[in-house]
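Colleague: Dropping in work06.cif, with mmCIF, C-alpha atoms and all ligand atoms.
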```
data_input
#
loop_
_atom_site.label_atom_id
_atom_site.label_comp_id
_atom_site.auth_asym_id
_atom_site.auth_seq_id
_atom_site.Cartn_x
_atom_site.Cartn_y
_atom_site.Cartn_z
CA MET F 1 -11.01 74.64 99.73
CA SER F 2 -10.35 71.73 97.48
CA ALA F 3 -6.91 71.38 96.00
CA GLN F 4 -6.40 71.45 92.26
CA MET F 5 -7.38 68.06 90.91
CA VAL F 6 -4.65 65.78 89.69
CA ARG F 7 -5.19 64.35 86.23
CA LEU F 8 -4.66 60.61 85.94
CA GLN F 9 -4.37 58.41 82.88
CA SER F 10 -5.33 55.15 84.50
CA LEU F 11 -8.36 53.36 85.91
CA GLN F 12 -6.28 51.80 88.70
CA PHE F 13 -5.84 53.68 91.97
CA ASN F 14 -3.75 52.79 94.99
CA VAL F 15 -6.10 53.47 97.89
CA ALA F 16 -3.84 52.34 100.78
CA GLY F 17 -3.50 55.92 102.02
CA LEU F 18 -7.21 56.55 101.76
CA MET F 19 -8.04 53.26 103.55
CA LYS F 20 -5.60 54.00 106.41
CA GLY F 21 -6.89 57.56 106.75
CA PRO F 22 -9.89 58.85 108.66
CA LEU F 23 -13.51 58.06 107.96
CA GLY F 24 -14.82 60.52 105.39
CA GLY F 25 -11.45 60.96 103.70
CA VAL F 26 -11.75 61.91 100.05
CA ARG F 27 -9.67 61.50 96.88
CA GLU F 28 -10.66 63.25 93.67
CA TYR F 29 -9.04 63.02 90.27
CA ASP F 30 -9.55 64.32 86.78
CA LEU F 31 -9.39 61.42 84.37
CA ARG F 32 -8.19 61.26 80.82
CA VAL F 33 -7.64 57.58 80.12
CA PRO F 34 -6.20 56.93 76.65
CA ILE F 35 -7.71 54.47 74.19
CA SER F 36 -4.68 52.19 74.58
CA GLU F 37 -5.77 51.55 78.20
CA MET F 38 -9.22 50.52 77.06
CA ASP F 39 -9.11 49.10 73.55
CA GLN F 40 -9.02 45.53 74.87
CA ILE F 41 -11.73 46.15 77.43
CA ASP F 42 -14.47 44.20 75.61
CA GLU F 43 -14.66 42.41 72.26
CA SER F 44 -18.25 43.48 71.63
CA PHE F 45 -17.39 47.15 71.05
CA ASP F 46 -14.50 49.31 69.80
CA VAL F 47 -13.40 52.22 71.95
CA THR F 48 -12.31 55.05 69.61
CA GLY F 49 -11.89 57.96 72.01
CA PRO F 50 -10.38 58.42 75.48
CA PHE F 51 -12.44 58.22 78.66
CA ILE F 52 -12.69 61.79 79.92
CA GLY F 53 -14.24 62.50 83.28
CA SER F 54 -13.62 62.51 87.00
CA VAL F 55 -13.64 60.15 89.95
CA HIS F 56 -14.53 60.83 93.57
CA MET F 57 -13.61 58.31 96.28
CA LEU F 58 -14.88 58.49 99.85
CA LYS F 59 -13.60 56.37 102.75
CA ALA F 60 -16.57 54.76 104.53
CA SER F 61 -16.28 52.49 107.58
CA ASP F 62 -14.88 49.40 105.85
CA THR F 63 -15.32 50.33 102.22
CA VAL F 64 -14.64 53.01 99.60
CA LEU F 65 -17.60 54.69 97.93
CA VAL F 66 -16.76 55.56 94.34
CA ARG F 67 -18.51 57.92 91.99
CA MET F 68 -17.12 58.19 88.46
CA GLU F 69 -18.60 60.35 85.72
CA GLY F 70 -17.54 60.99 82.18
CA SER F 71 -17.85 59.78 78.64
CA LEU F 72 -15.97 57.97 75.93
CA THR F 73 -16.38 57.34 72.22
CA VAL F 74 -17.39 53.96 70.87
CA ARG F 75 -17.74 52.81 67.25
CA LEU F 76 -21.20 51.48 66.43
CA VAL F 77 -23.12 50.21 63.41
CA CYS F 78 -26.16 52.30 62.44
CA SER F 79 -29.29 50.14 62.71
CA ARG F 80 -30.88 51.96 59.75
CA CYS F 81 -28.12 52.42 57.13
CA LEU F 82 -25.59 49.85 58.49
CA GLU F 83 -22.69 52.38 58.29
CA LEU F 84 -20.11 52.63 61.07
CA PHE F 85 -20.17 55.78 63.17
CA ASP F 86 -18.66 57.04 66.42
CA ALA F 87 -20.99 57.72 69.35
CA GLU F 88 -20.23 59.40 72.65
CA ILE F 89 -21.38 57.17 75.51
CA PRO F 90 -22.02 58.93 78.83
CA VAL F 91 -21.08 56.98 81.94
CA VAL F 92 -22.08 57.46 85.58
CA ILE F 93 -20.84 54.85 88.04
CA GLU F 94 -21.62 54.60 91.75
CA GLU F 95 -20.10 51.60 93.48
CA GLU F 96 -18.95 50.49 96.91
CA PHE F 97 -15.53 48.79 96.82
CA ARG F 98 -14.46 46.37 99.54
CA PRO F 99 -10.85 45.63 100.53
CA SER F 100 -9.56 42.05 100.27
CA ILE F 101 -7.02 42.77 103.07
CA ASN F 102 -7.90 44.31 106.42
CA LEU F 103 -5.35 47.15 106.68
CA VAL F 104 -5.44 47.19 110.50
CA THR F 105 -4.98 43.46 111.10
CA GLY F 106 -3.35 42.54 107.77
CA ARG F 107 -5.73 39.63 107.52
CA VAL F 108 -7.28 38.43 104.28
CA VAL F 109 -10.98 39.25 104.22
CA ARG F 110 -12.89 36.00 103.62
CA ASP F 111 -16.37 37.24 102.87
CA LEU F 112 -16.03 39.45 99.81
CA GLY F 113 -19.49 38.87 98.35
CA ASP F 114 -19.89 37.64 94.82
CA ASP F 115 -19.01 40.72 92.77
CA ALA F 116 -15.28 40.52 92.07
CA ALA F 117 -15.47 43.77 90.05
CA VAL F 118 -15.71 45.82 93.26
CA VAL F 119 -12.94 44.21 95.32
CA ILE F 120 -9.80 46.20 96.19
CA ASP F 121 -6.94 43.77 95.64
CA GLU F 122 -4.22 42.71 98.10
CA ARG F 123 -1.91 45.46 96.78
CA HIS F 124 -4.64 48.02 97.65
CA ILE F 125 -5.43 48.70 94.00
CA LEU F 126 -8.95 49.83 93.28
CA ASP F 127 -9.54 49.03 89.61
CA LEU F 128 -12.44 50.69 87.80
CA THR F 129 -11.86 48.87 84.49
CA GLU F 130 -14.48 46.17 84.97
CA VAL F 131 -17.21 48.44 86.35
CA LEU F 132 -16.56 50.83 83.47
CA ARG F 133 -16.82 47.97 80.97
CA GLN F 134 -20.11 46.81 82.50
CA SER F 135 -21.51 50.32 82.47
CA ILE F 136 -20.56 50.86 78.81
CA VAL F 137 -22.32 47.61 77.87
CA LEU F 138 -25.47 48.78 79.66
CA ALA F 139 -25.26 52.26 78.11
CA LEU F 140 -24.91 51.08 74.49
CA PRO F 141 -28.06 51.86 72.52
CA VAL F 142 -30.13 48.84 71.46
CA ALA F 143 -30.82 50.36 68.01
CA PRO F 144 -28.07 52.93 67.37
CA VAL F 145 -28.63 55.54 64.66
CA CYS F 146 -25.82 57.52 63.01
CA ASP F 147 -28.09 60.56 62.90
CA PRO F 148 -31.70 61.11 64.05
CA ASP F 149 -32.48 61.99 60.42
CA CYS F 150 -30.76 58.92 58.94
CA GLN F 151 -32.84 57.82 55.92
CA GLY F 152 -31.71 54.21 56.13
CA LEU F 153 -31.61 51.74 53.25
CA CYS F 154 -34.18 51.50 50.48
CA PRO F 155 -36.19 48.34 51.32
CA VAL F 156 -36.49 47.55 47.60
CA CYS F 157 -32.98 47.98 46.17
CA GLY F 158 -30.89 48.39 49.32
CA ALA F 159 -29.41 51.78 48.34
CA ASN F 160 -28.19 53.97 51.20
CA ARG F 161 -30.73 56.79 51.02
CA ASN F 162 -28.35 59.19 52.81
CA THR F 163 -25.92 59.13 49.89
CA GLU F 164 -27.83 57.75 46.89
CA THR F 165 -31.11 58.52 45.20
CA CYS F 166 -32.73 55.42 43.81
CA HIS F 167 -35.82 55.36 41.62
CA CYS F 168 -37.82 52.76 43.43
CA GLU F 169 -41.46 53.59 44.01
CA ALA F 170 -41.89 54.83 47.55
CA ASP F 171 -44.76 52.42 48.11
CA SER F 172 -43.70 49.66 45.73
CA ILE F 173 -44.30 46.22 47.09
CA ASP F 174 -42.18 43.20 46.43
CA PRO F 175 -44.28 40.97 44.13
CA ARG F 176 -43.69 38.10 46.51
CA TRP F 177 -45.71 40.02 49.10
CA SER F 178 -48.53 41.23 46.84
CA ALA F 179 -50.60 38.08 47.38
CA LEU F 180 -50.31 38.64 51.12
CA SER F 181 -51.44 42.26 50.79
CA VAL F 182 -54.56 41.10 48.94
CA LEU F 183 -55.29 38.75 51.82
CA LEU F 184 -54.77 41.57 54.32
CA ASP F 185 -57.18 43.76 52.36
CA ASP F 186 -59.74 40.96 52.58
CA VAL F 187 -59.29 40.79 56.32
CA LYS F 188 -59.83 44.53 56.68
CA GLU F 189 -63.15 44.39 54.83
ZN ZN F 201 -27.52 55.64 59.54
ZN ZN F 202 -34.34 51.76 45.92
#
```
The structure in this file should be written as structure tokens.

Modeller:
Amino acid sequence: MSAQMVRLQSLQFNVAGLMKGPLGGVREYDLRVPISEMDQIDESFDVTGPFIGSVHMLKASDTVLVRMEGSLTVRLVCSRCLELFDAEIPVVIEEEFRPSINLVTGRVVRDLGDDAAVVIDERHILDLTEVLRQSIVLALPVAPVCDPDCQGLCPVCGANRNTETCHCEADSIDPRWSALSVLLDDVKE
């Protein structure tokens, strides 16, 4: 039977006990990490809701296998109407963290590989902040839309068609382009 999960408000975990324990040892936590822990995480996006999810850590031979799942809310700009909106970004992380100190010998581990994001520091802190940041960046939509039915901006007058009704012709063509359209018609013929 698994014990009731402890809820944590941080992305930093002291894994000394887990590392000293037997192979296959497990730690599991409910996570509710407040915005204040994450609002400086990356300048390219604004976190507007807490990270809510869970983390599962498994002691392997020399490493800790981490699986974190959850979601958080990020403020985005709609690619159609250019309005700001909040989007829930789902996150699934699977990583293998390596200790920088050998707990048996106390020696500093020299060969840590080149990914500093998955190194457990000398105080035995496993920090998920950087892997979470990377996974948010990868999960952000390339062309976010505030709503699948967003009508976007009128290409003629620039009105937001979600909130305004303009009187531009649906198929009106900018006069600067009309010469081009004649050429295109010629090509078609
Ligand atoms: Zn929109
Ligand atoms: Zn218009």

Colleague: Please provide the set of residues having any atom within 7 Å of stretch 149-164 of chain F, restricted to all atoms listed in the file, with same-chain residues fewer than 3 positions apart removed, written as a PyMOL selection string.

Modeller: chain F and resi 80-81+145-146+168

Colleague: For those residues, write C-alpha atoms to a file as a tab-separated table (two decimals), in the coordinates of the input.

Modeller:
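Saved result, again_39.tsv, follows:
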```
chain	number	residue	atom	x	y	z
F	80	ARG	CA	-30.88	51.96	59.75
F	81	CYS	CA	-28.12	52.42	57.13
F	145	VAL	CA	-28.63	55.54	64.66
F	146	CYS	CA	-25.82	57.52	63.01
F	168	CYS	CA	-37.82	52.76	43.43
```

Colleague: Report the distance between atom CA of F:Met19 and atom CA of F:His56 in Å, rounded to one decimal place.

Modeller: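 So the two atoms, atom CA of F:Met19 and atom CA of F:His56, lie 14.1 Å apart.
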
Colleague: Tell me, as a list in words, which residues lie within 9 Å of F:Val118, counting all atoms listed in the file; anything in the same chain fewer than 2 positions away does not count.

Modeller: Glu95, Glu96, Phe97, Arg98, Pro99, Asp115, Ala116, Ile120, Leu126, Asp127, Leu128, Glu130 and Val131 of chain F

Colleague: One decimal, Å: what's the distance from atom CA of F:Val142 over to atom CA of F:Glu88, could you say?

Modeller: 14.5 Å

Colleague: Taking all atoms listed in the file into account, name the residue in F:Thr63, F:Val55, F:Pro144, F:Ser10 that is nearest to F:Glu83.

Modeller: F:Pro144

Colleague: Rounded to one decimal, what separation in Å do you get between atom CA of F:Ile93 and atom CA of F:Val47?

Modeller: 17.9 Å

Colleague: How about completing stretch 60-78 of chain F with N, CA and C atoms and giving it to me as a tab-separated table (two decimals), keeping the file's coordinate frame?

Modeller:
```tsv
chain	number	residue	atom	x	y	z
F	60	ALA	N	-15.48	55.06	103.61
F	60	ALA	CA	-16.57	54.76	104.53
F	60	ALA	C	-15.99	53.87	105.63
F	61	SER	N	-16.84	53.21	106.43
F	61	SER	CA	-16.28	52.49	107.58
F	61	SER	C	-15.31	51.38	107.15
F	62	ASP	N	-15.77	50.46	106.30
F	62	ASP	CA	-14.88	49.40	105.85
F	62	ASP	C	-14.71	49.39	104.33
F	63	THR	N	-15.27	50.38	103.68
F	63	THR	CA	-15.32	50.33	102.22
F	63	THR	C	-14.95	51.70	101.63
F	64	VAL	N	-14.87	51.74	100.30
F	64	VAL	CA	-14.64	53.01	99.60
F	64	VAL	C	-15.82	53.23	98.65
F	65	LEU	N	-16.49	54.36	98.82
F	65	LEU	CA	-17.60	54.69	97.93
F	65	LEU	C	-17.03	55.47	96.74
F	66	VAL	N	-17.34	54.98	95.55
F	66	VAL	CA	-16.76	55.56	94.34
F	66	VAL	C	-17.86	56.13	93.47
F	67	ARG	N	-17.63	57.35	93.01
F	67	ARG	CA	-18.51	57.92	91.99
F	67	ARG	C	-17.63	58.36	90.83
F	68	MET	N	-17.89	57.81	89.66
F	68	MET	CA	-17.12	58.19	88.46
F	68	MET	C	-18.11	58.66	87.41
F	69	GLU	N	-17.77	59.80	86.78
F	69	GLU	CA	-18.60	60.35	85.72
F	69	GLU	C	-17.73	60.68	84.54
F	70	GLY	N	-18.29	60.59	83.36
F	70	GLY	CA	-17.54	60.99	82.18
F	70	GLY	C	-18.16	60.40	80.93
F	71	SER	N	-17.35	60.35	79.88
F	71	SER	CA	-17.85	59.78	78.64
F	71	SER	C	-16.66	59.28	77.81
F	72	LEU	N	-16.98	58.43	76.87
F	72	LEU	CA	-15.97	57.97	75.93
F	72	LEU	C	-16.64	57.70	74.60
F	73	THR	N	-15.83	57.52	73.56
F	73	THR	CA	-16.38	57.34	72.22
F	73	THR	C	-16.24	55.89	71.79
F	74	VAL	N	-17.33	55.36	71.27
F	74	VAL	CA	-17.39	53.96	70.87
F	74	VAL	C	-17.88	53.90	69.42
F	75	ARG	N	-17.30	52.97	68.64
F	75	ARG	CA	-17.74	52.81	67.25
F	75	ARG	C	-18.91	51.84	67.18
F	76	LEU	N	-19.97	52.28	66.52
F	76	LEU	CA	-21.20	51.48	66.43
F	76	LEU	C	-21.62	51.32	64.97
F	77	VAL	N	-22.55	50.39	64.73
F	77	VAL	CA	-23.12	50.21	63.41
F	77	VAL	C	-24.54	50.78	63.44
F	78	CYS	N	-24.82	51.69	62.50
F	78	CYS	CA	-26.16	52.30	62.44
F	78	CYS	C	-27.19	51.21	62.13
```
